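I have placed the structure first, in the form of structure tokens, so that the comments after it can refer back to it.
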Amino acid sequence: MIPAPKIDWLALAPTLALLGASGVALLGSVLVPWWMRRAFTAFVAFAGFVTAGVLAAIVFDESAEGRTLIAESFTRDRLGALAAIIVAGAGALTVLVSWGENRRDHAGEYYALLAAAGAGMAFFVTAGNLMTLFLGLEWFSIALYILCALDTHRETSLEAGLKYLIVGGFGSAILLFGSALVYGATGELGFSEIAAAGDADNVLLLAGLAMLIAGLGFKASAAPFHMWTPDVYEGAPTSVTAFMAAATKVAALILTLRILVVAFPDQEHLWTIAIAVLAIVSLAIGNLAALVQRNVKRLLAYSSVSHAGFMLIAIAANSQLGGRALLYYLIPYGAMSIGAFAVVAARERELGAPVTLDNLGGMGWERPFLGAAMWVFMLGAMGMPLTGGLLGKFYVFSAAYEAGLWWLIVAGVIATAISLYYYLGVIRALYLRPVAEAELRPAVAGGSPPRDPLLQSAVFLSLVVTVGSFFFVQPLIELARDAAASLPF
Amino acid sequence: MTTTLIVLPLAAALVVWLLPVSGRAAGALALLTAFVEVALWGLAVAGFDFDQGLQLQNRQSWFSDLGVSYHVGFFGYSLWLAGLTVVVSAAAIGYALWANRERGRAYHGLLLFLMGSIVGVFTAQDLLLFYVFFEAMLIPIYVLIGVWGGPRRVRATVTFVIYTMAGSLLMLAAIVVFGLSQGTFSLVDSGTSANEWVFLGFLAAFAIKAPIFPFHGWLVDAYRESPPEVAAILSGVVSKAAVYGLVRIVLAKFPEPVDDFQFAILAFAAIGLLYGSLLAFRAPDLRSVTAYSSMAQMGLIVLGLFSLTDLGRNGAILQSVAHGLVSATLFLLAGMVETRAGTSAFSVLGGMARGRPVLSTVLMTTGIIALAVPGSVAFAGEFLILAGVYDAGWGWAAVGAGAIVLAAMYMLRLISAVLHLARGEDVREEATDLRPLELALVVPLLAALLFLSAWPASISERSFPKIDTIEAAE
């Protein structure tokens with residue numbers, strides 16, 4: 001008889017909470033009477049995300065010393081716990097944003113899949129070997145494929161789902177192939193065993209490393225692996241887009257940091273360059289492509305590519321400060337993207353049409369709260385003061401300087417300068433309606449806007465995090481420092 | 001004290017914006033805040049010891065791992081610049097209230113936000129904090145010009161913001177490098193640096209903000225398309241953020257690069273001075289003349305700062321305050337002329353003096369001070385600057401003196417084109433003289449100018465502590 005390994009239930013608790021919520025929501029969508037199905041499943045998903053966040057906070061508190069569990073298959077440490085907290089927060093906000101969609105069919109499945117995706121991410125970020133890495137990746141990806149295509153009456157939603165499935169599947173295949181090569185070269189699956197296996201210059205190992213980076217690049221939507229991003233972000237239901245922009249990026253980038261630092265310390269001279277190149281390409285493509293977008297969701301999609309570039313700079317720095325910069329950056333970034341997509345969702349519901357820079361016109365005056373919030377989110381994305389976006393960039397640049405990568409600072413500065421144009425373009429659309437245009441197109445017709453206190457509270461919470469992370473840097477940086485300390489830089 | 005000066009307008013901005021009252025009431029509240037600011041500033045001056053360096057400090061750690069703190073305080077010169085800020089902002093808010101801008105709550109909120117962030121710039125003693133305030137100024141300006149500006153406002157505001165942000169981003173990179181190599185971002189604790197790239201990063205930001213010669217592309221559109229009171233703040237006060245940056249950061253932290261680049265900077269400043277004056281002489285309307293004369297005056301101020309002498313430095317601070325007041329008054333007057341004639345283009349103005357004695361007296365007095373007539377504060381400032389820059393080479397002083405002649409030419413042209421000559425076609429016979437309320441806006445500014453004309457030493461001898469002279473350091 002094989003002795004069962006001791007299972008650390010606490011370390012698994014965030015994942016299990018979300019998985020449980022997903023199951024209950026799925027059952028609820030069958031057993032609960034139809035008229036309270038949506039409320040029930042939404043509540044269960046929300047409760048699941050909140051519970052997962054609280055449990056992850058407990059894990060964070062009790063895991064000063066990181067350790068691997070269950071035959072090295074996953075890690076209990078503060079890095080994973082902090083990532084789980086951010087994912088859970090993003091998920092909870094997404095539930096609030098989703099409520100007003102008034103989804104008639106598949107409401108139960110929607111919330112169940114959202115919780116399942118969150119569970120997958122919470123598991124993925126703690127992965128300790130290549131097998132659990134792939135398992136977690138597929139787990140949340142499959143949930144997201146379905147979520148993207150869930151608006152079956154919209155062709156663009158189906159297209160988004162299919163495109164994400166095919167491109168994402170391709171990315172997963174590359175990642176799997178890379179894992180196989182690494183295993184073939186070292187005979188090991190665990191991250192730390194791979195590092196210990198030696199033989200740093202094995203060609204198979206290096207090819208595997210390159211493929212792992214590419215596969216994770218797909219999920220983080222770093223250029224040149226970003227092709228799916230604008231189409232999928234545009235087509236998917238906006239609340240799903242918000243979740244993907246915030247949570248998927250958190251999960252993918254944190255795992256990229258973890259696997260590179262833990263499993264490939266001997267190849268750092270290679271992968272820092274590779275990540276730096278990806279960062280520059282992402283900054284260039286993301287910002288230049290965003291310049292010409294009229295559809296706000298596509299614009300934000302390209303903006304998320306460029307933010308991936310900034311965060312990759314932090315990974316390329318390969319230092320404690322870099323880890324801190326990445327983890328800090330993710331907090332305001334996540335809040336900003338969910339908030340911005342939530343505002344887009346509100347506008348979309350009001351208009352019943354895709355939101356473009358044109359029909360965003362004058363929103364700042366008509367909907368003062370949402371308009372001002374969007375203003376702040378755009379300022380945050382630009383890296384302007386009074387938002388955490390500024391300090392995120394400041395930390396990223398500091399990390400790059402400390403690592404001697406001054407050319408990445410130059411790239412970041414140029415990219416930010418370019419990005420001003422389109423972020424200011426959104427603000428321009430919100431507030432600065434040119435006279436001629438205002439005459440041509442009257443303000444949105446059709447009575448009072450839908451009141452949606454849940455969405456507004458999600459926007460408000462995002463606003464609090466975006467602005468609060470500027471004023472209360474010290475506690476957040478301490479969290480980030482503790483989390484980054486669990487990696488062996 | 002210092003923190004109160006910064007936070008009060010910022011907090012009031014939020015209140016004014018959120019409080020569900022009429023635009024007028026919001027404006028009145030904003031004006032009240034501005035008066036309180038002026039009074040607070042007066043208290044600060046009364047308690048200030050001009051023989052000492054940094055005073056009225058507040059310091060609190062912001063995040064410790066990179067050594068960044070919230071640290072504010074006043075030097076003598078920054079106290080004067082802050083005084084300029086609160087006085088001009090109060091006049092601008094009063095003007096906005098008088099003009100009854102639509103969406104008054106947002107408008108006055110943004111003006112207060114701008115005021116608070118400018119005071120923040122002049123007090124910041126930490127590089128990152130300085131950057132925060134420096135950038136925060138742009139947030140309200142973008143919307144103030146873009147929403148309430150003239151017909152080409154969108155173009156003007158986008159150009160302005162992208163120009164200045166490009167400079168600021170270079171400064172951010174420079175701040176990162178400087179701060180990490182010094183181990184602290186505090187301007188008080190850090191030492192000097194000889195890194196030329198970092199120096200140029202800072203210099204670029206301030207050269208654009210001032211603006212110094214090749215970086216003035218944003219200037220005319222921004223000043224011409226803004227509402228007059230915003231243009232008054234922009235040219236009178238915001239450009240002085242560059243002066244503070246040059247004194248507090250560039251001159252103080254980069255002595256070697258400053259020496260190396262002195263000639264080049266003086267050359268650009270002199271070109272800007274002459275070129276700006278010539279453009280002002282050719283400009284077609286009241287606002288453009290004031291805009292280009294601002295550019296010329298900023299060139300003169302930079303000339304004074306980079307003369308690297310005490311005389312030049314004191315003159316530069318005096319001239320900053322004088323020019324701030326003059327150009328704010330001129331922009332407000334331009335706005336008042338525009339409300340009467342619908343334009344400030346010289347081709348359709350003229351003859352406004354007849355039957356409008358108050359307007360002509362006020363405009364005349366301001367113009368005469370602006371052209372640096374002997375006995376005026378501008379004369380005192382320019383004299384100090386020229387005397388200082390004479391040490392760096394007599395040629396610079398000659399250029400400066402030539403520019404003063406040009407200043408006389410463009411200011412006299414302005415005065416005669418608006419006030420004298422035949423009645424312009426857009427000047428209606430029934431257009432009124434200045435109303436008492438309008439007078440109440442410009443007279444305090446003029447009174448400040450006349451006071452400084454009578455006693456320029458109140459600023460020029462109270463900007464830098466005696467022990468801290470450049471000669472003493474050498």
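Here, A, B, ... name the chains of the structure tokens in the order displayed, residue numbers run from 1 inside each chain, and ligands are numbered from 1 in the same displayed order.
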Determine which residues of chain A sit within 9 Å of chain B, taking into account only C-alpha atoms, and present them as a PyMOL selection string. chain A and resi 379+384-386+390+394-395+397-398+401-402+406+409-410+413-414+416-418+420-421+424-425+427-428+431-435+471-475+477
Selection: 9 Å around His307 (chain A), only C-alpha atoms, excl. self and same-chain fewer than 5 positions, as a list in words: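 Returned residues: Ala222, Ser282, Leu283, Gly286, Tyr302, Leu312, Tyr333 and Ala381 of chain A.
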Would you save the residues of that selection, restricted to C-alpha atoms, as a PDB file, in the first residue's frame?
```
ATOM      1  CA  ALA A 222       3.042  39.924 -24.300  1.00  0.00           C
ATOM      2  CA  SER A 282       5.286  44.629 -26.161  1.00  0.00           C
ATOM      3  CA  LEU A 283       5.812  48.287 -25.379  1.00  0.00           C
ATOM      4  CA  GLY A 286       1.009  47.747 -27.712  1.00  0.00           C
ATOM      5  CA  TYR A 302      -3.522  47.099 -26.641  1.00  0.00           C
ATOM      6  CA  LEU A 312       8.166  42.249 -18.021  1.00  0.00           C
ATOM      7  CA  TYR A 333      -2.946  47.816 -12.680  1.00  0.00           C
ATOM      8  CA  ALA A 381      -2.589  53.897 -16.955  1.00  0.00           C
TER       9      ALA A 381
END
```
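Atom pair CA of Arg78 (chain A) / CA of Gly383 (chain A) has a distance of 27.2 Å (rounded to one decimal).
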Per DSSP on the backbone, what are the alpha helix (DSSP H) residues of region 294-437 of chain B, as a PyMOL selection string? chain B and resi 294-305+310-341+357-370+377-392+394-419+436-437
Min atom-atom distance to Gly355 (chain B) from the set B:Val88, B:Ala403, B:Val302, B:Ala431, counting only C-alpha atoms, belongs to B:Ala431
For region 205-216 of chain A, please output as a PDB file with N, CA and C atoms, in the first residue's frame all residues within 6 Å (counting only C-alpha atoms; exclusion window: fewer than 3 positions along the same chain).
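Below you can see part_17.pdb, which holds the result:
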```pdb
ATOM      1  N   GLY A 171      -0.811  28.062 -27.816  1.00  0.00           N
ATOM      2  CA  GLY A 171       0.117  28.489 -26.774  1.00  0.00           C
ATOM      3  C   GLY A 171       0.347  27.388 -25.753  1.00  0.00           C
ATOM      4  N   SER A 172      -0.744  26.733 -25.345  1.00  0.00           N
ATOM      5  CA  SER A 172      -0.603  25.655 -24.370  1.00  0.00           C
ATOM      6  C   SER A 172       0.251  24.528 -24.944  1.00  0.00           C
ATOM      7  N   ILE A 174       2.633  24.758 -27.136  1.00  0.00           N
ATOM      8  CA  ILE A 174       4.041  25.158 -27.109  1.00  0.00           C
ATOM      9  C   ILE A 174       4.601  24.999 -25.698  1.00  0.00           C
ATOM     10  N   LEU A 175       3.798  25.423 -24.726  1.00  0.00           N
ATOM     11  CA  LEU A 175       4.232  25.311 -23.342  1.00  0.00           C
ATOM     12  C   LEU A 175       4.461  23.852 -22.969  1.00  0.00           C
ATOM     13  N   GLY A 178       7.570  22.577 -24.571  1.00  0.00           N
ATOM     14  CA  GLY A 178       8.720  23.101 -23.840  1.00  0.00           C
ATOM     15  C   GLY A 178       8.948  22.323 -22.556  1.00  0.00           C
ATOM     16  N   LEU A 181      10.578  19.078 -23.339  1.00  0.00           N
ATOM     17  CA  LEU A 181      12.005  19.224 -23.637  1.00  0.00           C
ATOM     18  C   LEU A 181      12.804  19.409 -22.353  1.00  0.00           C
ATOM     19  N   VAL A 182      12.283  20.239 -21.450  1.00  0.00           N
ATOM     20  CA  VAL A 182      12.996  20.468 -20.193  1.00  0.00           C
ATOM     21  C   VAL A 182      13.090  19.153 -19.419  1.00  0.00           C
ATOM     22  N   ALA A 185      15.654  16.952 -20.935  1.00  0.00           N
ATOM     23  CA  ALA A 185      17.033  17.378 -20.730  1.00  0.00           C
ATOM     24  C   ALA A 185      17.490  17.114 -19.299  1.00  0.00           C
ATOM     25  N   ASN A 202      22.696  22.713 -21.917  1.00  0.00           N
ATOM     26  CA  ASN A 202      22.051  21.713 -22.742  1.00  0.00           C
ATOM     27  C   ASN A 202      21.095  22.377 -23.734  1.00  0.00           C
ATOM     28  N   LYS A 219      -0.293  33.729 -22.574  1.00  0.00           N
ATOM     29  CA  LYS A 219      -1.292  33.989 -21.536  1.00  0.00           C
ATOM     30  C   LYS A 219      -1.172  35.420 -21.002  1.00  0.00           C
TER      31      LYS A 219
END
```
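One finds CA of Ser293 (chain B) at 15.7 Å from CA of Phe268 (chain B).
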So the first atom is CA of Tyr422 (chain A) and the second is CA of Leu291 (chain A); what is the distance between them in Å, to one decimal place? 5.5 Å
Excluding Ser288 (chain B) and any residue of its chain fewer than 3 positions from it, enumerate the residues within 8 Å of it, using only C-alpha atoms, and give them as a PyMOL selection string. chain B and resi 220+223-224+280+283-285+291-292
Dump C-alpha atoms for the selected residues as a compact mmCIF listing (two decimals), in the first residue's frame?
```txt
# COMPACT_ATOMS: atom_id res chain seq x y z
CA VAL B 220 1.35 80.39 -28.39
CA TYR B 223 -1.75 80.84 -24.18
CA ARG B 224 -4.07 81.97 -26.96
CA ALA B 280 6.19 89.62 -29.84
CA ALA B 283 2.44 89.16 -33.18
CA PRO B 284 -1.05 90.05 -34.36
CA ASP B 285 -2.99 90.17 -31.10
CA ALA B 291 2.74 84.98 -24.82
CA TYR B 292 5.90 85.76 -26.75
```
